[in-house]
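*Asks:* If it helps, the file is called data-v4.pdb and holds PDB, C-alpha atoms:
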```
MODEL        1
ATOM      1  CA  MET T   1     119.656 115.541  87.086  1.00  0.00           C
ATOM      2  CA  GLY T   2     117.142 116.493  89.771  1.00  0.00           C
ATOM      3  CA  ASP T   3     117.052 119.693  91.747  1.00  0.00           C
ATOM      4  CA  ILE T   4     117.758 119.689  95.469  1.00  0.00           C
ATOM      5  CA  PRO T   5     115.059 121.484  97.484  1.00  0.00           C
ATOM      6  CA  TYR T   6     116.322 124.593  99.244  1.00  0.00           C
ATOM      7  CA  GLY T   7     114.514 126.436 102.010  1.00  0.00           C
ATOM      8  CA  GLN T   8     113.840 126.560 105.744  1.00  0.00           C
ATOM      9  CA  CYS T   9     113.830 123.416 107.896  1.00  0.00           C
ATOM     10  CA  LYS T  10     110.474 122.765 109.566  1.00  0.00           C
ATOM     11  CA  TYR T  11     112.142 121.857 112.870  1.00  0.00           C
ATOM     12  CA  CYS T  12     115.294 123.974 113.444  1.00  0.00           C
ATOM     13  CA  HIS T  13     114.368 126.787 110.977  1.00  0.00           C
ATOM     14  CA  GLN T  14     117.865 126.729 109.466  1.00  0.00           C
ATOM     15  CA  ILE T  15     117.978 127.795 105.800  1.00  0.00           C
ATOM     16  CA  GLY T  16     119.779 125.485 103.369  1.00  0.00           C
ATOM     17  CA  PRO T  17     119.362 122.301 101.326  1.00  0.00           C
ATOM     18  CA  LEU T  18     116.438 120.159 102.458  1.00  0.00           C
ATOM     19  CA  ARG T  19     115.527 116.492 102.494  1.00  0.00           C
ATOM     20  CA  ILE T  20     111.992 115.255 101.865  1.00  0.00           C
ATOM     21  CA  THR T  21     110.505 112.407 103.911  1.00  0.00           C
ATOM     22  CA  TYR T  22     107.237 110.719 102.882  1.00  0.00           C
ATOM     23  CA  PHE T  23     104.825 109.273 105.448  1.00  0.00           C
ATOM     24  CA  ASN T  24     102.352 106.798 103.925  1.00  0.00           C
ATOM     25  CA  PHE T  25      98.885 106.077 105.325  1.00  0.00           C
ATOM     26  CA  PRO T  26      96.620 103.143 104.281  1.00  0.00           C
ATOM     27  CA  ILE T  27      93.774 105.404 103.130  1.00  0.00           C
ATOM     28  CA  ALA T  28      92.346 105.365  99.584  1.00  0.00           C
ATOM     29  CA  CYS T  29      91.957 109.114  99.031  1.00  0.00           C
ATOM     30  CA  GLN T  30      91.283 111.251  95.951  1.00  0.00           C
ATOM     31  CA  CYS T  31      94.351 113.501  96.458  1.00  0.00           C
ATOM     32  CA  CYS T  32      97.081 110.826  96.130  1.00  0.00           C
ATOM     33  CA  SER T  33      97.509 107.741  93.978  1.00  0.00           C
ATOM     34  CA  ARG T  34      96.939 104.492  95.917  1.00  0.00           C
ATOM     35  CA  ASN T  35      97.796 105.356  99.508  1.00  0.00           C
ATOM     36  CA  HIS T  36      97.636 108.758 101.122  1.00  0.00           C
ATOM     37  CA  PHE T  37     101.000 110.326 101.870  1.00  0.00           C
ATOM     38  CA  GLU T  38     102.242 113.455 103.635  1.00  0.00           C
ATOM     39  CA  THR T  39     105.641 115.049 103.030  1.00  0.00           C
ATOM     40  CA  VAL T  40     107.922 116.715 105.568  1.00  0.00           C
ATOM     41  CA  THR T  41     110.877 118.875 104.519  1.00  0.00           C
ATOM     42  CA  HIS T  42     113.817 118.982 106.910  1.00  0.00           C
ATOM     43  CA  CYS T  43     117.579 119.552 106.978  1.00  0.00           C
ATOM     44  CA  ALA T  44     120.133 116.732 107.196  1.00  0.00           C
ATOM     45  CA  ASP T  45     120.619 117.309 110.954  1.00  0.00           C
ATOM     46  CA  CYS T  46     116.952 116.987 111.997  1.00  0.00           C
ATOM     47  CA  LYS T  47     114.986 113.746 112.290  1.00  0.00           C
ATOM     48  CA  PRO T  48     111.546 113.902 110.621  1.00  0.00           C
ATOM     49  CA  VAL T  49     108.470 113.375 112.791  1.00  0.00           C
ATOM     50  CA  MET T  50     105.150 112.009 111.556  1.00  0.00           C
ATOM     51  CA  PRO T  51     102.574 114.825 111.219  1.00  0.00           C
ATOM     52  CA  ARG T  52      99.979 114.985 114.005  1.00  0.00           C
ATOM     53  CA  VAL T  53      97.259 116.124 111.572  1.00  0.00           C
ATOM     54  CA  ILE T  54      96.793 115.051 107.945  1.00  0.00           C
ATOM     55  CA  LYS T  55      94.532 116.549 105.286  1.00  0.00           C
ATOM     56  CA  ILE T  56      92.836 114.307 102.740  1.00  0.00           C
ATOM     57  CA  GLU T  57      90.328 114.669  99.912  1.00  0.00           C
ATOM     58  CA  LEU T  58      87.487 112.139  99.900  1.00  0.00           C
ATOM     59  CA  ALA T  59      84.544 111.407  97.691  1.00  0.00           C
ATOM     60  CA  THR T  60      81.310 111.858  99.634  1.00  0.00           C
ATOM     61  CA  ARG T  61      80.259 108.253  98.983  1.00  0.00           C
ATOM     62  CA  LYS T  62      83.473 106.993 100.624  1.00  0.00           C
ATOM     63  CA  ALA T  63      82.885 109.154 103.690  1.00  0.00           C
ATOM     64  CA  LEU T  64      79.282 107.918 104.023  1.00  0.00           C
ATOM     65  CA  ASP T  65      80.084 104.223 103.452  1.00  0.00           C
ATOM     66  CA  PRO T  66      83.830 103.727 104.108  1.00  0.00           C
ATOM     67  CA  ILE T  67      83.676  99.910 104.329  1.00  0.00           C
ATOM     68  CA  HIS T  68      81.804  99.285 101.064  1.00  0.00           C
ATOM     69  CA  GLU T  69      83.687 101.950  99.064  1.00  0.00           C
ATOM     70  CA  GLY T  70      87.093 100.742 100.256  1.00  0.00           C
ATOM     71  CA  LEU T  71      88.318 103.826 102.118  1.00  0.00           C
ATOM     72  CA  PHE T  72      90.612 101.888 104.449  1.00  0.00           C
ATOM     73  CA  LYS T  73      93.052  99.260 103.216  1.00  0.00           C
ATOM     74  CA  LYS T  74      94.626  96.328 105.021  1.00  0.00           C
ATOM     75  CA  VAL T  75      98.111  97.073 106.273  1.00  0.00           C
ATOM     76  CA  ARG T  76     100.683  94.422 105.382  1.00  0.00           C
ATOM     77  CA  GLU T  77     102.631  93.164 108.365  1.00  0.00           C
TER
ENDMDL
END
```
Go ahead and render the structure in this file as C-alpha cells.
*Replies:*
Amino acid sequence: MGDIPYGQCKYCHQIGPLRITYFNFPIACQCCSRNHFETVTHCADCKPVMPRVIKIELATRKALDPIHEGLFKKVRE
C-alpha cells in the first residue's frame, strides 16, 4: 500500500494530506524518461495550476542542434 504525501499545500498553505498533479511537456530531456514533467503538490480543495517556469536538464548537443537531436516532439492532437 502506498503512502499518502503529507505537508503544506502550495496554494492555500494548509497543512495536511496532499495530492500530486503531473504536468507533461513534449520535451526530450535528460532529467525525465520520455517527456519532461513537473509535479505540483496541493490539497484536495485547491485546483492545481501549470507552473510558469520549468527546469530541465539537456545535453549540450541537443541545445545546440534541437531539431537534429530531437529535443522537441510532435504533440498528438
*Asks:* Restricting the calculation to all atoms listed in the file: of T:Ile20, T:Ile4, T:Leu64, T:Cys12, which residue gets closest to T:Thr39?
*Replies:*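 Between T:Ile20, T:Ile4, T:Leu64, T:Cys12, the residue approaching T:Thr39 most closely is T:Ile20.
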*Asks:* In terms of the shortest atom-to-atom distance over only C-alpha atoms, which of T:Cys29, T:Leu18, T:Cys43, T:Cys9 is closest to T:Thr60?
*Replies:*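 Checking each of T:Cys29, T:Leu18, T:Cys43, T:Cys9 against T:Thr60, counting only C-alpha atoms, the winner is T:Cys29.
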*Asks:* To one decimal in Å, tell me the separation between atom CA of T:Lys10 and atom CA of T:Val40.
*Replies:*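 According to the coordinates, atom CA of T:Lys10 and atom CA of T:Val40 are separated by 7.7 Å.
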*Asks:* Give me the result of the PyMOL selection byres ((chain T and resi 22) around 10) on this file, residue by residue, as a list in words.
*Replies:* Ile20, Thr21, Phe23, Asn24, Phe25, His36, Phe37, Glu38, Thr39, Val40, Thr41, Pro48 and Met50 of chain T
*Asks:* Create the file for the chosen residues now, containing C-alpha atoms and written as a PDB file, in the coordinates of the input.
*Replies:*
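Saved as again.pdb:
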```pdb
ATOM      1  CA  ILE T  20     111.992 115.255 101.865  1.00  0.00           C
ATOM      2  CA  THR T  21     110.505 112.407 103.911  1.00  0.00           C
ATOM      3  CA  PHE T  23     104.825 109.273 105.448  1.00  0.00           C
ATOM      4  CA  ASN T  24     102.352 106.798 103.925  1.00  0.00           C
ATOM      5  CA  PHE T  25      98.885 106.077 105.325  1.00  0.00           C
ATOM      6  CA  HIS T  36      97.636 108.758 101.122  1.00  0.00           C
ATOM      7  CA  PHE T  37     101.000 110.326 101.870  1.00  0.00           C
ATOM      8  CA  GLU T  38     102.242 113.455 103.635  1.00  0.00           C
ATOM      9  CA  THR T  39     105.641 115.049 103.030  1.00  0.00           C
ATOM     10  CA  VAL T  40     107.922 116.715 105.568  1.00  0.00           C
ATOM     11  CA  THR T  41     110.877 118.875 104.519  1.00  0.00           C
ATOM     12  CA  PRO T  48     111.546 113.902 110.621  1.00  0.00           C
ATOM     13  CA  MET T  50     105.150 112.009 111.556  1.00  0.00           C
TER      14      MET T  50
END
```
*Asks:* Report the residues retrieved by the PyMOL selection byres ((chain T and resi 17) around 6) from the displayed file, expressed as JSON, numbers by chain.
*Replies:* {"T": [5, 6, 16, 18]}
*Asks:* What gap, in Å, lies between atom CA of T:Gly7 and atom CA of T:His42?
*Replies:* 8.9 Å
*Asks:* Please provide as a PyMOL selection string all residues within 12 Å of T:Leu71, with the sequence filter that same-chain residues fewer than 2 positions apart are discarded (counting only C-alpha atoms).
*Replies:* chain T and resi 25-30+34-36+56-69+73-74
*Asks:* Quick check, in Å to one decimal: how far apart do atom CA of T:Cys32 and atom CA of T:Phe72 lie?
*Replies:*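 So the two atoms, atom CA of T:Cys32 and atom CA of T:Phe72, lie 13.8 Å apart.
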